[in-house]
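Inspection log for the structure reproduced underneath, given as structure tokens.
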Amino acid sequence: MKRNVRVAVGLLLLLLVAAYFIMVIYFRSHFIFGTKISQIEVGGMSAEELDEQLRQRAEEYRLTFVTWDQNEESIPGESIGLQVTLSEKIRGLIRKQNAFAWPYVLIKGSSLQAGQVVSYDRQACRTELEKLKFMQKSTWLPSENAYISEYTEDGYRIIPEVYGSEIRRQELDVAVEEAICSMTEVLDLAASDCYIEPEVTAENEKLQETVDTLNRYVGTVIRYEVPQEEEILDGTLIHQWLSVEDQKVKIDEQSVAAYVYGLAKKYNTAYHARKLATSYGRTISVIGGDYGWKVDTAAEKEMILKDIRAGESIKRELVYAQKANSHEENDYGTTYVEINLTAQHLFYYKEGKLVLEADLVSGNPKLGNGTLTGAYSVMYKQREAVITEGEEKKRVSYWLPFANGAGICDAIWRTRFGSSIYKDDGTEGCVELSVVNMKDLYEQIEAGCPVLIYELTQGD
């Protein structure tokens, strides 16, 4: 059995060696398979066979152009004076090739140079080209870059590029030269890069990043917690603030600032007049003072920019520099200090209930020191403070400042309050209470509490 195997293997090796040397002998007069001359496949041909085949191909040769819309036009070889000028070196090339290396060439291939094999009249070729339809400039359609659409309720999208029919003449001439010299019969103009193509396609990474950024920005939804109505900032307005420069998205910060200014104008109540149902049964308008809601326009603008860049959908308050007790019509709510300068009397309401009332002494109007009217708030609370009235410094046990150095304090130096004392012995703008009443007020009130000051004239 083993002897039979050895005999079989020996015979197989003998056959392989015989086949190898038969091919060596064959390739002494023929080109090795896988060989090219000037891009022309010549493997397995003798010099005579190659000459005959090339001449026959030259007689029948026609270069067909396939356009971008799959139309075809041709130039016959005879119209451009196509000839085969087979070099005498071809036989020499066959002799010089290493016939013993035919397995290597078969696998790796070989490219030989034998001078110019195919020749043609280049001027005639240019003339024939100019006659073809796809070469007529009047019919050329320009390529168009991919671009980003206008904003719609669905956001932005990429409008794909358009491939036109405008010819790149230099690239065409090179492709024609290569096709004719290798006697290639079909030239696909698009595949040969003969058209002016769009510079920006829908697959462009920067374009895709830009449209993604735009869609993230316009996907922002900010629902403001404001009184009585819904205030929403979303893509329907945000898109008007966006622009693209060098494929980078920019936000018009001036437009954002203008929008915030509009919000502030709409929702600010500081410095506005407000109605007050006084403790005397009359409803008056309290004018002046800085109490109320006040939008921090710079901070709100920066918050909007941050929200847009994050593409967030959120519900939040406006960013306020100053807050009030309520978003209702009466922003001071139900906890406030009411001061009637005419009656020289103070009321303190807490959650709608009167918890303190007291006589007071306010600023002396005859000396130009009348206590300011308007709506203010307690700026802070302080125990054991020193206040200045004119050139005199006074020590008080309780101090509740509300505006321009004025505040509510105790006056241990006084024995009487109320009536018309203020007209002759008034303060320089502060509101003074007895120590007992001031202590009671101080212990119950909180910083930020509204202070509504008014005069109740005969006509009110």
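Here's how to read the names in the structure tokens: chain A, B, ... by the order shown, residue numbers from 1 in each chain, ligand numbers from 1 in the order shown.
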Q: Within 8 Å of Val162 (chain A), counting only C-alpha atoms, which residues show up once you throw out same-chain ones fewer than 5 positions away? Write them as a list in words, please.
A: Ser143, Glu144, Asn145, Ala146 and Pro198 of chain A
Q: With a distance cut-off of 7 Å and only C-alpha atoms, select the neighbouring residues of region 334-340 of chain A, excluding the residue or stretch itself and same-chain residues fewer than 5 positions from it, and output the selection as a PyMOL selection string.
A: chain A and resi 345-352+449-456
Could those residues be written to a file, using N, CA, C and O atoms, as a compact mmCIF listing (two decimals), in the first residue's frame?
# COMPACT_ATOMS: atom_id res chain seq x y z
N HIS A 345 -49.33 106.29 60.65
CA HIS A 345 -49.67 105.01 61.26
C HIS A 345 -49.13 103.87 60.38
O HIS A 345 -49.09 103.97 59.15
N LEU A 346 -48.73 102.79 61.05
CA LEU A 346 -48.16 101.62 60.37
C LEU A 346 -49.02 100.39 60.65
O LEU A 346 -49.50 100.20 61.77
N PHE A 347 -49.18 99.57 59.61
CA PHE A 347 -49.89 98.29 59.72
C PHE A 347 -48.96 97.20 59.18
O PHE A 347 -48.30 97.38 58.15
N TYR A 348 -48.96 96.06 59.86
CA TYR A 348 -48.20 94.93 59.35
C TYR A 348 -49.15 93.75 59.18
O TYR A 348 -49.73 93.26 60.14
N TYR A 349 -49.31 93.32 57.90
CA TYR A 349 -50.17 92.19 57.58
C TYR A 349 -49.29 90.98 57.28
O TYR A 349 -48.32 91.05 56.54
N LYS A 350 -49.68 89.87 57.87
CA LYS A 350 -48.96 88.63 57.64
C LYS A 350 -49.95 87.58 57.15
O LYS A 350 -50.89 87.23 57.87
N GLU A 351 -49.75 87.14 55.90
CA GLU A 351 -50.65 86.18 55.25
C GLU A 351 -52.09 86.67 55.34
O GLU A 351 -53.03 85.91 55.61
N GLY A 352 -52.25 87.96 55.10
CA GLY A 352 -53.59 88.55 55.02
C GLY A 352 -54.18 88.97 56.35
O GLY A 352 -55.25 89.59 56.37
N CYS A 449 -39.52 91.71 52.88
CA CYS A 449 -40.95 92.03 53.05
C CYS A 449 -41.26 93.37 52.38
O CYS A 449 -40.53 94.35 52.55
N PRO A 450 -42.36 93.47 51.62
CA PRO A 450 -42.73 94.73 50.98
C PRO A 450 -43.08 95.79 52.01
O PRO A 450 -43.67 95.49 53.06
N VAL A 451 -42.71 97.02 51.70
CA VAL A 451 -43.08 98.18 52.52
C VAL A 451 -43.77 99.18 51.60
O VAL A 451 -43.14 99.74 50.70
N LEU A 452 -45.07 99.38 51.79
CA LEU A 452 -45.88 100.24 50.93
C LEU A 452 -46.17 101.54 51.67
O LEU A 452 -46.83 101.54 52.71
N ILE A 453 -45.67 102.63 51.15
CA ILE A 453 -45.75 103.93 51.82
C ILE A 453 -46.56 104.89 50.94
O ILE A 453 -46.28 105.02 49.74
N TYR A 454 -47.49 105.58 51.53
CA TYR A 454 -48.36 106.47 50.76
C TYR A 454 -48.87 107.60 51.64
O TYR A 454 -48.77 107.59 52.87
N GLU A 455 -49.44 108.59 50.98
CA GLU A 455 -50.15 109.68 51.65
C GLU A 455 -51.61 109.59 51.23
O GLU A 455 -51.91 109.45 50.04
N LEU A 456 -52.47 109.70 52.17
CA LEU A 456 -53.90 109.58 51.88
C LEU A 456 -54.49 110.99 51.86
O LEU A 456 -54.88 111.54 52.90
I need the residues of region 98-306 of chain A that end up classed as alpha helix (DSSP H) by DSSP on the backbone, written out as a compact mmCIF listing (two decimals) with N, CA, C and O atoms, in the first residue's frame.
# COMPACT_ATOMS: atom_id res chain seq x y z
N TRP A 102 7.76 31.90 -14.92
CA TRP A 102 6.36 32.08 -15.36
C TRP A 102 5.36 31.90 -14.22
O TRP A 102 4.33 32.59 -14.20
N PRO A 103 5.55 31.02 -13.22
CA PRO A 103 4.54 30.93 -12.15
C PRO A 103 4.42 32.24 -11.36
O PRO A 103 3.33 32.64 -10.96
N TYR A 104 5.59 32.91 -11.14
CA TYR A 104 5.58 34.16 -10.40
C TYR A 104 4.82 35.23 -11.19
O TYR A 104 3.97 35.96 -10.63
N VAL A 105 5.11 35.35 -12.49
CA VAL A 105 4.43 36.34 -13.33
C VAL A 105 2.94 36.05 -13.41
O VAL A 105 2.10 36.95 -13.41
N LEU A 106 2.62 34.76 -13.45
CA LEU A 106 1.21 34.37 -13.52
C LEU A 106 0.44 34.89 -12.31
O LEU A 106 -0.72 35.29 -12.41
N ILE A 107 1.11 34.88 -11.14
CA ILE A 107 0.46 35.32 -9.90
C ILE A 107 0.52 36.85 -9.76
O ILE A 107 -0.49 37.51 -9.48
N LYS A 108 1.71 37.41 -9.98
CA LYS A 108 1.92 38.84 -9.71
C LYS A 108 1.67 39.74 -10.91
O LYS A 108 1.39 40.92 -10.77
N ARG A 122 -3.92 63.42 -32.69
CA ARG A 122 -4.53 64.09 -31.53
C ARG A 122 -5.38 65.29 -31.92
O ARG A 122 -6.40 65.56 -31.28
N GLN A 123 -4.96 66.02 -32.94
CA GLN A 123 -5.77 67.16 -33.39
C GLN A 123 -7.10 66.68 -33.95
O GLN A 123 -8.15 67.26 -33.68
N ALA A 124 -7.06 65.60 -34.73
CA ALA A 124 -8.30 65.04 -35.27
C ALA A 124 -9.19 64.55 -34.14
O ALA A 124 -10.43 64.69 -34.18
N CYS A 125 -8.55 64.00 -33.12
CA CYS A 125 -9.33 63.51 -31.96
C CYS A 125 -10.03 64.67 -31.27
O CYS A 125 -11.21 64.56 -30.90
N ARG A 126 -9.32 65.78 -31.09
CA ARG A 126 -9.96 66.95 -30.44
C ARG A 126 -11.11 67.47 -31.28
O ARG A 126 -12.15 67.86 -30.75
N THR A 127 -10.93 67.45 -32.59
CA THR A 127 -12.00 67.92 -33.48
C THR A 127 -13.23 67.02 -33.37
O THR A 127 -14.36 67.50 -33.30
N GLU A 128 -13.01 65.71 -33.32
CA GLU A 128 -14.13 64.77 -33.20
C GLU A 128 -14.83 64.92 -31.84
O GLU A 128 -16.05 64.83 -31.74
N LEU A 129 -14.03 65.15 -30.82
CA LEU A 129 -14.61 65.34 -29.49
C LEU A 129 -15.56 66.54 -29.46
O LEU A 129 -16.65 66.48 -28.88
N GLU A 130 -15.13 67.63 -30.10
CA GLU A 130 -15.94 68.86 -30.06
C GLU A 130 -17.29 68.67 -30.76
O GLU A 130 -18.22 69.45 -30.53
N LYS A 131 -17.42 67.65 -31.59
CA LYS A 131 -18.69 67.42 -32.30
C LYS A 131 -19.72 66.69 -31.43
O LYS A 131 -20.91 66.70 -31.72
N ARG A 169 -11.94 69.50 -18.87
CA ARG A 169 -11.29 69.21 -20.14
C ARG A 169 -9.93 68.52 -19.96
O ARG A 169 -9.60 67.58 -20.68
N GLN A 170 -9.16 68.94 -19.01
CA GLN A 170 -7.85 68.34 -18.82
C GLN A 170 -7.96 66.87 -18.44
O GLN A 170 -7.24 66.01 -18.97
N GLU A 171 -8.88 66.57 -17.53
CA GLU A 171 -9.08 65.19 -17.11
C GLU A 171 -9.63 64.35 -18.26
O GLU A 171 -9.27 63.16 -18.41
N LEU A 172 -10.51 64.95 -19.09
CA LEU A 172 -11.04 64.22 -20.24
C LEU A 172 -9.93 63.87 -21.22
O LEU A 172 -9.86 62.73 -21.71
N ASP A 173 -9.05 64.83 -21.52
CA ASP A 173 -7.97 64.58 -22.47
C ASP A 173 -7.08 63.44 -21.99
O ASP A 173 -6.65 62.58 -22.77
N VAL A 174 -6.77 63.41 -20.68
CA VAL A 174 -5.94 62.35 -20.12
C VAL A 174 -6.65 61.00 -20.24
O VAL A 174 -6.04 59.99 -20.64
N ALA A 175 -7.96 60.98 -19.91
CA ALA A 175 -8.71 59.74 -19.97
C ALA A 175 -8.83 59.22 -21.40
O ALA A 175 -8.72 58.00 -21.64
N VAL A 176 -9.02 60.12 -22.36
CA VAL A 176 -9.11 59.73 -23.76
C VAL A 176 -7.78 59.15 -24.24
O VAL A 176 -7.73 58.12 -24.93
N GLU A 177 -6.69 59.81 -23.86
CA GLU A 177 -5.36 59.34 -24.24
C GLU A 177 -5.13 57.93 -23.73
O GLU A 177 -4.68 57.03 -24.47
N GLU A 178 -5.44 57.69 -22.46
CA GLU A 178 -5.23 56.37 -21.87
C GLU A 178 -6.12 55.33 -22.53
O GLU A 178 -5.68 54.19 -22.77
N ALA A 179 -7.37 55.70 -22.80
CA ALA A 179 -8.31 54.74 -23.40
C ALA A 179 -7.86 54.33 -24.80
O ALA A 179 -7.86 53.14 -25.14
N ILE A 180 -7.47 55.31 -25.61
CA ILE A 180 -7.09 55.00 -26.98
C ILE A 180 -5.79 54.20 -27.01
O ILE A 180 -5.67 53.20 -27.74
N CYS A 181 -4.81 54.60 -26.19
CA CYS A 181 -3.51 53.91 -26.21
C CYS A 181 -3.63 52.48 -25.72
O CYS A 181 -2.81 51.62 -26.10
N GLU A 205 -18.80 65.66 6.48
CA GLU A 205 -18.89 65.60 7.95
C GLU A 205 -19.20 66.96 8.56
O GLU A 205 -20.02 67.08 9.47
N LYS A 206 -18.55 68.00 8.06
CA LYS A 206 -18.79 69.34 8.62
C LYS A 206 -20.22 69.79 8.35
O LYS A 206 -20.84 70.43 9.22
N LEU A 207 -20.74 69.46 7.15
CA LEU A 207 -22.12 69.83 6.83
C LEU A 207 -23.08 69.10 7.76
O LEU A 207 -24.05 69.68 8.27
N GLN A 208 -22.82 67.83 7.99
CA GLN A 208 -23.68 67.05 8.88
C GLN A 208 -23.59 67.56 10.32
O GLN A 208 -24.61 67.66 11.02
N GLU A 209 -22.39 67.93 10.75
CA GLU A 209 -22.24 68.51 12.09
C GLU A 209 -23.01 69.82 12.21
O GLU A 209 -23.65 70.09 13.23
N THR A 210 -22.97 70.61 11.14
CA THR A 210 -23.67 71.89 11.16
C THR A 210 -25.17 71.71 11.26
O THR A 210 -25.84 72.37 12.07
N VAL A 211 -25.73 70.81 10.45
CA VAL A 211 -27.18 70.60 10.50
C VAL A 211 -27.58 69.97 11.82
O VAL A 211 -28.66 70.29 12.37
N ASP A 212 -26.73 69.12 12.39
CA ASP A 212 -27.02 68.55 13.71
C ASP A 212 -27.04 69.65 14.77
O ASP A 212 -27.90 69.65 15.66
N THR A 213 -26.09 70.57 14.68
CA THR A 213 -26.05 71.68 15.63
C THR A 213 -27.28 72.57 15.49
O THR A 213 -27.91 72.96 16.49
N LEU A 214 -27.63 72.88 14.25
CA LEU A 214 -28.83 73.70 14.02
C LEU A 214 -30.07 73.03 14.61
O LEU A 214 -30.89 73.69 15.27
N ASN A 215 -30.21 71.75 14.37
CA ASN A 215 -31.40 71.03 14.87
C ASN A 215 -31.38 70.92 16.39
O ASN A 215 -32.45 70.92 17.01
N ARG A 216 -30.18 70.82 16.95
CA ARG A 216 -30.12 70.81 18.42
C ARG A 216 -30.57 72.16 18.98
O ARG A 216 -31.33 72.22 19.95
N TYR A 217 -30.10 73.22 18.34
CA TYR A 217 -30.46 74.56 18.82
C TYR A 217 -31.96 74.82 18.70
O TYR A 217 -32.59 75.30 19.65
N VAL A 218 -32.54 74.51 17.53
CA VAL A 218 -33.97 74.81 17.35
C VAL A 218 -34.85 73.80 18.08
O VAL A 218 -36.06 74.00 18.19
N GLY A 235 -38.06 76.75 18.67
CA GLY A 235 -37.43 76.90 17.37
C GLY A 235 -38.09 77.89 16.44
O GLY A 235 -37.42 78.44 15.55
N THR A 236 -39.38 78.15 16.62
CA THR A 236 -40.05 79.10 15.72
C THR A 236 -39.45 80.50 15.82
O THR A 236 -39.53 81.28 14.88
N LEU A 237 -38.88 80.81 16.97
CA LEU A 237 -38.19 82.10 17.12
C LEU A 237 -36.67 81.92 17.08
O LEU A 237 -35.96 82.71 16.46
N ILE A 238 -36.20 80.86 17.71
CA ILE A 238 -34.75 80.65 17.81
C ILE A 238 -34.10 80.61 16.43
O ILE A 238 -33.00 81.14 16.23
N GLU A 253 -26.49 87.27 19.35
CA GLU A 253 -26.69 87.60 20.76
C GLU A 253 -27.46 88.90 20.95
O GLU A 253 -28.14 89.08 21.96
N GLN A 254 -27.38 89.80 19.99
CA GLN A 254 -28.16 91.04 20.09
C GLN A 254 -29.65 90.74 20.01
O GLN A 254 -30.46 91.35 20.72
N SER A 255 -30.01 89.78 19.16
CA SER A 255 -31.42 89.40 19.06
C SER A 255 -31.90 88.72 20.34
O SER A 255 -33.03 88.92 20.78
N VAL A 256 -31.02 87.91 20.94
CA VAL A 256 -31.37 87.28 22.21
C VAL A 256 -31.57 88.35 23.27
O VAL A 256 -32.53 88.31 24.04
N ALA A 257 -30.68 89.34 23.29
CA ALA A 257 -30.79 90.43 24.27
C ALA A 257 -32.09 91.20 24.06
O ALA A 257 -32.75 91.59 25.04
N ALA A 258 -32.46 91.42 22.80
CA ALA A 258 -33.71 92.15 22.52
C ALA A 258 -34.92 91.35 23.00
O ALA A 258 -35.89 91.92 23.52
N TYR A 259 -34.86 90.03 22.83
CA TYR A 259 -35.95 89.17 23.31
C TYR A 259 -36.06 89.25 24.83
O TYR A 259 -37.17 89.36 25.39
N VAL A 260 -34.92 89.19 25.50
CA VAL A 260 -34.92 89.27 26.96
C VAL A 260 -35.45 90.63 27.42
O VAL A 260 -36.19 90.72 28.41
N TYR A 261 -35.07 91.67 26.70
CA TYR A 261 -35.58 93.01 27.04
C TYR A 261 -37.10 93.03 26.96
O TYR A 261 -37.78 93.62 27.80
N GLY A 262 -37.64 92.35 25.94
CA GLY A 262 -39.10 92.27 25.81
C GLY A 262 -39.74 91.53 26.98
O GLY A 262 -40.80 91.92 27.47
N LEU A 263 -39.08 90.45 27.42
CA LEU A 263 -39.58 89.72 28.59
C LEU A 263 -39.57 90.60 29.82
O LEU A 263 -40.52 90.62 30.61
N ALA A 264 -38.45 91.33 29.99
CA ALA A 264 -38.34 92.21 31.16
C ALA A 264 -39.42 93.30 31.13
O ALA A 264 -40.05 93.60 32.16
N LYS A 265 -39.64 93.85 29.97
CA LYS A 265 -40.66 94.90 29.85
C LYS A 265 -42.05 94.35 30.17
O LYS A 265 -42.90 95.03 30.74
N LYS A 266 -42.24 93.08 29.83
CA LYS A 266 -43.54 92.46 30.02
C LYS A 266 -43.77 92.02 31.46
O LYS A 266 -44.89 92.14 32.00
N TYR A 267 -42.72 91.53 32.12
CA TYR A 267 -42.91 90.90 33.42
C TYR A 267 -42.29 91.67 34.60
O TYR A 267 -42.52 91.30 35.74
N THR A 297 -31.43 90.90 33.11
CA THR A 297 -31.37 90.74 31.65
C THR A 297 -30.06 90.10 31.19
O THR A 297 -30.06 89.25 30.29
N ALA A 298 -28.95 90.47 31.80
CA ALA A 298 -27.66 89.89 31.38
C ALA A 298 -27.61 88.40 31.72
O ALA A 298 -27.21 87.57 30.90
N ALA A 299 -28.06 88.05 32.93
CA ALA A 299 -28.02 86.64 33.34
C ALA A 299 -29.02 85.80 32.56
O ALA A 299 -28.74 84.65 32.20
N GLU A 300 -30.21 86.36 32.28
CA GLU A 300 -31.21 85.63 31.51
C GLU A 300 -30.73 85.39 30.08
O GLU A 300 -30.92 84.31 29.52
N LYS A 301 -30.08 86.38 29.51
CA LYS A 301 -29.52 86.20 28.16
C LYS A 301 -28.51 85.06 28.15
O LYS A 301 -28.55 84.18 27.27
N GLU A 302 -27.60 85.03 29.11
CA GLU A 302 -26.60 83.97 29.16
C GLU A 302 -27.25 82.61 29.41
O GLU A 302 -26.80 81.60 28.87
N MET A 303 -28.32 82.58 30.21
CA MET A 303 -29.01 81.32 30.46
C MET A 303 -29.68 80.80 29.19
O MET A 303 -29.65 79.60 28.91
N ILE A 304 -30.27 81.70 28.41
CA ILE A 304 -30.90 81.29 27.14
C ILE A 304 -29.84 80.73 26.20
O ILE A 304 -30.03 79.69 25.57
N LEU A 305 -28.70 81.41 26.09
CA LEU A 305 -27.63 80.93 25.22
C LEU A 305 -27.17 79.54 25.66
O LEU A 305 -26.94 78.66 24.83
N LYS A 306 -27.05 79.35 26.96
CA LYS A 306 -26.64 78.05 27.50
C LYS A 306 -27.68 76.99 27.18
O LYS A 306 -27.35 75.87 26.75
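The two atoms in question, CA of Gln228 (chain A) and CA of Ala375 (chain A), are spaced 22.9 Å apart.
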Q. If you count only C-alpha atoms, which residues fall within 8 Å of Ile287 (chain A), apart from same-chain ones fewer than 2 positions away, as a ChimeraX atom specification?
A. /A:271-274,285,289,373-375
File of the preceding selection, C-alpha atoms, as a tab-separated table (two decimals), in the first residue's frame:
chain	number	residue	atom	x	y	z
A	271	TYR	CA	-40.97	100.90	39.58
A	272	HIS	CA	-44.54	100.27	38.43
A	273	ALA	CA	-47.62	101.68	40.14
A	274	ARG	CA	-49.69	99.14	42.03
A	285	SER	CA	-52.35	103.66	43.57
A	289	GLY	CA	-40.25	102.67	44.71
A	373	THR	CA	-43.58	107.24	49.12
A	374	GLY	CA	-43.74	104.13	46.98
A	375	ALA	CA	-43.21	100.40	47.22
Q: Between A:Leu372, A:Ile159, A:Trp68, A:Gly219, single out the one closest to Ala310 (chain A), counting only C-alpha atoms.
A: A:Gly219
Q) From the set A:Ile22, A:Val244, A:Val396, A:Ala202, which residue has the shortest atom-to-atom contact distance to Ile408 (chain A), counting only C-alpha atoms? A)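 Closest residue, counting only C-alpha atoms: A:Val396.
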Could I get the residues of region 386-446 of chain A with an atom no further than 9 Å from an atom of region 355-358 of chain A, each paired with its nearest atom pair and that distance in Å to one decimal, using only C-alpha atoms, sorted by chain and residue number, as a tab-separated table?
residue	atom	partner	partner_atom	distance
A:Phe417	CA	A:Ala358	CA	8.6
A:Gly418	CA	A:Ala358	CA	8.4
A:Leu433	CA	A:Ala358	CA	7.3
A:Ser434	CA	A:Ala358	CA	8.3
A:Asn437	CA	A:Ala358	CA	6.6
A:Met438	CA	A:Ala358	CA	8.9
A:Asp440	CA	A:Leu356	CA	7.9
A:Leu441	CA	A:Leu356	CA	7.2
Q) Just how far from CA of Leu13 (chain A) is CA of His30 (chain A), in Å to one decimal? A)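 Spanning CA of His30 (chain A) to CA of Leu13 (chain A) is a straight-line distance of 25.1 Å.
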(Q) Quick check, in Å to one decimal: how far apart do CA of Val435 (chain A) and CA of Asn325 (chain A) lie? (A) 27.6 Å
Q.
Give me, as a PyMOL selection string, all polymer residues having an atom no more than 12 Å from Arg414 (chain A), counting only C-alpha atoms and skipping those fewer than 2 positions away in the same chain.
A. chain A and resi 359-361+409-412+416-418+421-422+425-427+432-435
Q. Looking at A:Phe65, A:Tyr120, A:Tyr163, A:Tyr151, which one is nearest to Met135 (chain A), with distances taken over only C-alpha atoms?
A. A:Phe65
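Within 9 Å of Glu328 (chain A), once only C-alpha atoms are used and residues closer than 4 positions along the same chain are dropped, the contacting residues are Pro227, Gln228, Tyr332 and Gly333 of chain A.
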Restricted to all heavy atoms, what would the selected residues look like written as a PDB file, in the first residue's frame?
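Result went into part_0.pdb, see below:
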ATOM      1  N   PRO A 227     -46.913  84.429  35.240  1.00  0.00           N
ATOM      2  CA  PRO A 227     -48.320  84.479  35.657  1.00  0.00           C
ATOM      3  C   PRO A 227     -49.311  84.442  34.506  1.00  0.00           C
ATOM      4  O   PRO A 227     -49.088  85.054  33.464  1.00  0.00           O
ATOM      5  CB  PRO A 227     -48.409  85.811  36.406  1.00  0.00           C
ATOM      6  CG  PRO A 227     -47.311  86.646  35.821  1.00  0.00           C
ATOM      7  CD  PRO A 227     -46.203  85.694  35.518  1.00  0.00           C
ATOM      8  N   GLN A 228     -50.358  83.660  34.711  1.00  0.00           N
ATOM      9  CA  GLN A 228     -51.589  83.739  33.922  1.00  0.00           C
ATOM     10  C   GLN A 228     -51.488  83.296  32.479  1.00  0.00           C
ATOM     11  O   GLN A 228     -52.498  83.106  31.826  1.00  0.00           O
ATOM     12  CB  GLN A 228     -52.150  85.178  33.963  1.00  0.00           C
ATOM     13  CG  GLN A 228     -52.483  85.645  35.376  1.00  0.00           C
ATOM     14  CD  GLN A 228     -52.902  87.089  35.405  1.00  0.00           C
ATOM     15  OE1 GLN A 228     -52.783  87.812  34.420  1.00  0.00           O
ATOM     16  NE2 GLN A 228     -53.393  87.533  36.558  1.00  0.00           N
ATOM     17  N   TYR A 332     -47.102  92.315  45.825  1.00  0.00           N
ATOM     18  CA  TYR A 332     -46.634  92.304  47.210  1.00  0.00           C
ATOM     19  C   TYR A 332     -47.305  91.210  48.024  1.00  0.00           C
ATOM     20  O   TYR A 332     -46.943  90.933  49.159  1.00  0.00           O
ATOM     21  CB  TYR A 332     -46.843  93.668  47.880  1.00  0.00           C
ATOM     22  CG  TYR A 332     -48.233  94.235  47.706  1.00  0.00           C
ATOM     23  CD1 TYR A 332     -49.276  93.875  48.552  1.00  0.00           C
ATOM     24  CD2 TYR A 332     -48.514  95.149  46.685  1.00  0.00           C
ATOM     25  CE1 TYR A 332     -50.549  94.387  48.396  1.00  0.00           C
ATOM     26  CE2 TYR A 332     -49.789  95.675  46.523  1.00  0.00           C
ATOM     27  CZ  TYR A 332     -50.804  95.300  47.373  1.00  0.00           C
ATOM     28  OH  TYR A 332     -52.063  95.821  47.210  1.00  0.00           O
ATOM     29  N   GLY A 333     -48.327  90.572  47.478  1.00  0.00           N
ATOM     30  CA  GLY A 333     -48.957  89.438  48.130  1.00  0.00           C
ATOM     31  C   GLY A 333     -49.787  89.822  49.336  1.00  0.00           C
ATOM     32  O   GLY A 333     -50.411  90.890  49.370  1.00  0.00           O
TER      33      GLY A 333
END
